[in-house]
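Inspection log for the structure reproduced underneath, given as structure tokens.
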Amino acid sequence: MNVCIDQIAELGIAIPWPLQDYTELAAVPAAVSCARLHARKILAEWHLNGQAAELVVSELVTNALVYGGLLPGAAARLWLSSDGERVLVQVWDSSCQMPALRDVQPCAESGRGLVLVDSISEDWGTYRPARLPGKIVWSVIAVGMT
Ligand SMILES: Nc1ncnc2c1ncn2[C@@H]1O[C@H](COP(=O)(O)OP(=O)(O)O)[C@@H](O)[C@H]1O
Ligand SMILES: [Mg+2]
């Protein structure tokens with residue numbers, strides 16, 4: 001089953017996959033490594049091979065902190081969901097501006113985060129959630145069991 005953007009938009013943040021986790025991140029320098037370690041721990045608890053999902057979490061949370069808005073409260077929100085075969089990573093930030101895959105030149109020093117997400121993910125995209133301002137960037141990654 002491919003999880004398409006319309007399904008995710010319809011279901012919002014309540015994806016009915018049996019494994020679910022949610023955490024909030026503050027705009028502090030350690031937030032990206034905290035998010036990555038958090039994802040590693042949760043996926044290990046779920047007995048899933050988490051390396052690819054960890055990379056996606058790292059890139060999406062970095063972007064949320066760099067490009068997100070400045071509303072009070074959490075700077076980024078991270079949902080992890082799984083059906084045991086795929087992991088759905090969803091990262092919220094308060095900016096309404098949507099991310100855009102860049103055409104990256106070989107000598108460019110930035111702009112590869114979403115290229116990496118695109119290459120790792122079965123599918124990815126963005127949507128504006130009904131119950132929050134800003135947007136969610138999501139990615140579905142195929143994972144193996146540990
Ligand atoms: N969460 C986000 N909110 C708004 N814009 C974003 C977000 N994430 C990415 N972008 C936009 O998409 C572009 C590409 O992102 P990325 O591939 O991660 O490269 P980089 O972060 O190095 O610029 C960014 O330069 C930015 O303009
Ligand atoms: Mg980036």
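Residue numbers start at 1 in each chain; chains themselves are named A, B, ... in the order of the structure tokens; ligands are numbered from 1 in the order shown.
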* Got a sec to check which residues lie within 8 Å of ligand 2, using only C-alpha atoms and all ligand atoms, and send them as an NGL selection string? -> :A and (59-60 or 62-63 or 66 or 110-114)
Write to file, as a PDB file, in the first residue's frame, the residues of the selection just made, with N, CA and C atoms.
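To be explicit, this is the file written out as again37.pdb:
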```
ATOM      1  N   GLU A  59      17.077  15.521   8.870  1.00  0.00           N
ATOM      2  CA  GLU A  59      16.942  16.559   7.826  1.00  0.00           C
ATOM      3  C   GLU A  59      15.667  17.384   8.013  1.00  0.00           C
ATOM      4  N   LEU A  60      14.550  16.699   8.326  1.00  0.00           N
ATOM      5  CA  LEU A  60      13.280  17.442   8.430  1.00  0.00           C
ATOM      6  C   LEU A  60      13.236  18.318   9.674  1.00  0.00           C
ATOM      7  N   THR A  62      15.904  19.605  11.157  1.00  0.00           N
ATOM      8  CA  THR A  62      16.820  20.726  10.859  1.00  0.00           C
ATOM      9  C   THR A  62      16.079  21.798  10.078  1.00  0.00           C
ATOM     10  N   ASN A  63      15.362  21.385   9.040  1.00  0.00           N
ATOM     11  CA  ASN A  63      14.630  22.364   8.229  1.00  0.00           C
ATOM     12  C   ASN A  63      13.555  23.074   9.038  1.00  0.00           C
ATOM     13  N   VAL A  66      15.281  25.677  11.070  1.00  0.00           N
ATOM     14  CA  VAL A  66      15.905  26.761  10.288  1.00  0.00           C
ATOM     15  C   VAL A  66      14.843  27.634   9.618  1.00  0.00           C
ATOM     16  N   SER A 110      24.857  23.637   0.094  1.00  0.00           N
ATOM     17  CA  SER A 110      23.594  23.386   0.795  1.00  0.00           C
ATOM     18  C   SER A 110      22.560  22.930  -0.227  1.00  0.00           C
ATOM     19  N   GLY A 111      21.371  22.618   0.265  1.00  0.00           N
ATOM     20  CA  GLY A 111      20.283  22.259  -0.638  1.00  0.00           C
ATOM     21  C   GLY A 111      20.146  20.773  -0.881  1.00  0.00           C
ATOM     22  N   ARG A 112      20.885  19.955  -0.103  1.00  0.00           N
ATOM     23  CA  ARG A 112      20.810  18.504  -0.354  1.00  0.00           C
ATOM     24  C   ARG A 112      19.898  17.763   0.611  1.00  0.00           C
ATOM     25  N   GLY A 113      19.365  18.456   1.621  1.00  0.00           N
ATOM     26  CA  GLY A 113      18.564  17.781   2.636  1.00  0.00           C
ATOM     27  C   GLY A 113      17.351  17.083   2.043  1.00  0.00           C
ATOM     28  N   LEU A 114      16.592  17.801   1.240  1.00  0.00           N
ATOM     29  CA  LEU A 114      15.378  17.212   0.667  1.00  0.00           C
ATOM     30  C   LEU A 114      15.702  16.227  -0.451  1.00  0.00           C
TER      31      LEU A 114
END
```
* To do: Set the cut-off to 12 Å, count only C-alpha atoms and all ligand atoms, and list whatever residues fall near ligand 1 as JSON, numbers by chain.
  => {"A": [55, 56, 57, 58, 59, 60, 61, 62, 63, 64, 65, 66, 67, 68, 69, 70, 75, 76, 77, 90, 91, 92, 93, 94, 95, 96, 97, 98, 99, 100, 101, 102, 103, 104, 108, 109, 110, 111, 112, 113, 114, 115, 116, 117, 118, 119, 125, 126, 127, 128, 134, 135, 136, 137, 138]}
Limited to C-alpha atoms, could you put the picked residues into a file as an mmCIF file, in the first residue's frame?
```cif
data_model
loop_
_atom_site.group_PDB
_atom_site.id
_atom_site.type_symbol
_atom_site.label_atom_id
_atom_site.label_comp_id
_atom_site.auth_asym_id
_atom_site.auth_seq_id
_atom_site.Cartn_x
_atom_site.Cartn_y
_atom_site.Cartn_z
ATOM 1 C CA LEU A 55 18.412 10.461 8.664
ATOM 2 C CA VAL A 56 15.023 11.706 7.492
ATOM 3 C CA VAL A 57 14.157 12.920 11.014
ATOM 4 C CA SER A 58 17.464 14.744 11.157
ATOM 5 C CA GLU A 59 16.942 16.559 7.826
ATOM 6 C CA LEU A 60 13.280 17.442 8.430
ATOM 7 C CA VAL A 61 13.817 18.669 11.992
ATOM 8 C CA THR A 62 16.820 20.726 10.859
ATOM 9 C CA ASN A 63 14.630 22.364 8.229
ATOM 10 C CA ALA A 64 11.796 22.942 10.708
ATOM 11 C CA LEU A 65 14.173 24.769 13.035
ATOM 12 C CA VAL A 66 15.905 26.761 10.288
ATOM 13 C CA TYR A 67 12.868 27.732 8.196
ATOM 14 C CA GLY A 68 10.033 27.451 10.736
ATOM 15 C CA GLY A 69 8.181 30.438 12.106
ATOM 16 C CA LEU A 70 8.601 32.087 15.469
ATOM 17 C CA ALA A 75 9.496 25.001 17.479
ATOM 18 C CA ALA A 76 9.010 21.577 15.935
ATOM 19 C CA ARG A 77 6.721 18.618 16.543
ATOM 20 C CA GLN A 90 5.866 13.791 10.247
ATOM 21 C CA VAL A 91 7.539 17.058 11.251
ATOM 22 C CA TRP A 92 5.542 20.185 11.972
ATOM 23 C CA ASP A 93 6.721 23.792 12.012
ATOM 24 C CA SER A 94 4.760 27.014 12.249
ATOM 25 C CA SER A 95 5.779 28.489 8.870
ATOM 26 C CA CYS A 96 3.242 28.237 6.033
ATOM 27 C CA GLN A 97 6.000 28.347 3.428
ATOM 28 C CA MET A 98 6.319 24.961 1.747
ATOM 29 C CA PRO A 99 9.688 23.260 1.178
ATOM 30 C CA ALA A 100 10.954 22.901 -2.373
ATOM 31 C CA LEU A 101 13.351 20.337 -3.822
ATOM 32 C CA ARG A 102 16.258 22.278 -5.239
ATOM 33 C CA ASP A 103 18.206 21.524 -8.375
ATOM 34 C CA VAL A 104 21.557 21.109 -6.621
ATOM 35 C CA ALA A 108 26.751 23.613 -3.882
ATOM 36 C CA GLU A 109 27.286 23.572 -0.114
ATOM 37 C CA SER A 110 23.594 23.386 0.795
ATOM 38 C CA GLY A 111 20.283 22.259 -0.638
ATOM 39 C CA ARG A 112 20.810 18.504 -0.354
ATOM 40 C CA GLY A 113 18.564 17.781 2.636
ATOM 41 C CA LEU A 114 15.378 17.212 0.667
ATOM 42 C CA VAL A 115 17.283 15.446 -2.113
ATOM 43 C CA LEU A 116 18.351 12.951 0.556
ATOM 44 C CA VAL A 117 14.797 12.698 1.947
ATOM 45 C CA ASP A 118 13.489 12.165 -1.591
ATOM 46 C CA SER A 119 15.976 9.373 -2.280
ATOM 47 C CA GLY A 125 5.180 15.538 0.838
ATOM 48 C CA THR A 126 3.653 18.365 2.807
ATOM 49 C CA TYR A 127 0.222 19.401 4.032
ATOM 50 C CA ARG A 128 -1.401 22.059 6.160
ATOM 51 C CA GLY A 134 1.909 26.056 9.745
ATOM 52 C CA LYS A 135 2.559 22.817 7.905
ATOM 53 C CA ILE A 136 3.709 19.240 8.225
ATOM 54 C CA VAL A 137 6.405 17.672 6.078
ATOM 55 C CA TRP A 138 6.024 13.885 5.950
#
```
Based on DSSP run over this structure's backbone, return all residues of region 46-132 of chain A in helix (DSSP H, G or I), as a PDB file with C-alpha atoms, in the first residue's frame.
```pdb
ATOM      1  CA  GLN A  51      18.914   4.224  10.284  1.00  0.00           C
ATOM      2  CA  ALA A  52      17.122   5.571   7.229  1.00  0.00           C
ATOM      3  CA  ALA A  53      14.284   7.039   9.297  1.00  0.00           C
ATOM      4  CA  GLU A  54      16.828   8.661  11.616  1.00  0.00           C
ATOM      5  CA  LEU A  55      18.412  10.461   8.664  1.00  0.00           C
ATOM      6  CA  VAL A  56      15.023  11.706   7.492  1.00  0.00           C
ATOM      7  CA  VAL A  57      14.157  12.920  11.014  1.00  0.00           C
ATOM      8  CA  SER A  58      17.464  14.744  11.157  1.00  0.00           C
ATOM      9  CA  GLU A  59      16.942  16.559   7.826  1.00  0.00           C
ATOM     10  CA  LEU A  60      13.280  17.442   8.430  1.00  0.00           C
ATOM     11  CA  VAL A  61      13.817  18.669  11.992  1.00  0.00           C
ATOM     12  CA  THR A  62      16.820  20.726  10.859  1.00  0.00           C
ATOM     13  CA  ASN A  63      14.630  22.364   8.229  1.00  0.00           C
ATOM     14  CA  ALA A  64      11.796  22.942  10.708  1.00  0.00           C
ATOM     15  CA  LEU A  65      14.173  24.769  13.035  1.00  0.00           C
ATOM     16  CA  VAL A  66      15.905  26.761  10.288  1.00  0.00           C
ATOM     17  CA  TYR A  67      12.868  27.732   8.196  1.00  0.00           C
ATOM     18  CA  GLY A 113      18.564  17.781   2.636  1.00  0.00           C
ATOM     19  CA  LEU A 114      15.378  17.212   0.667  1.00  0.00           C
ATOM     20  CA  VAL A 115      17.283  15.446  -2.113  1.00  0.00           C
ATOM     21  CA  LEU A 116      18.351  12.951   0.556  1.00  0.00           C
ATOM     22  CA  VAL A 117      14.797  12.698   1.947  1.00  0.00           C
ATOM     23  CA  ASP A 118      13.489  12.165  -1.591  1.00  0.00           C
ATOM     24  CA  SER A 119      15.976   9.373  -2.280  1.00  0.00           C
ATOM     25  CA  ILE A 120      15.360   7.566   1.039  1.00  0.00           C
TER      26      ILE A 120
END
```
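Closest approach to Glu122 (chain A) among A:Leu88, A:Ala39, A:Cys107, A:Met145: A:Leu88, based on only C-alpha atoms.
Here CA of Gly50 (chain A) stands at a distance of 27.8 Å from CA of Leu132 (chain A).
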Residues of region 108-145 of chain A at most 10 Å from region 42-49 of chain A: nearest atom pair and distance in Å, only C-alpha atoms, as CSV:
```
residue,atom,partner,partner_atom,distance
A:Ala142,CA,A:Asn49,CA,9.5
A:Val143,CA,A:Asn49,CA,5.9
A:Gly144,CA,A:Asn49,CA,5.4
A:Met145,CA,A:Leu48,CA,4.4
```
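Atom to atom, CA of Ala30 (chain A) and CA of Ser121 (chain A) stand 24.9 Å apart.
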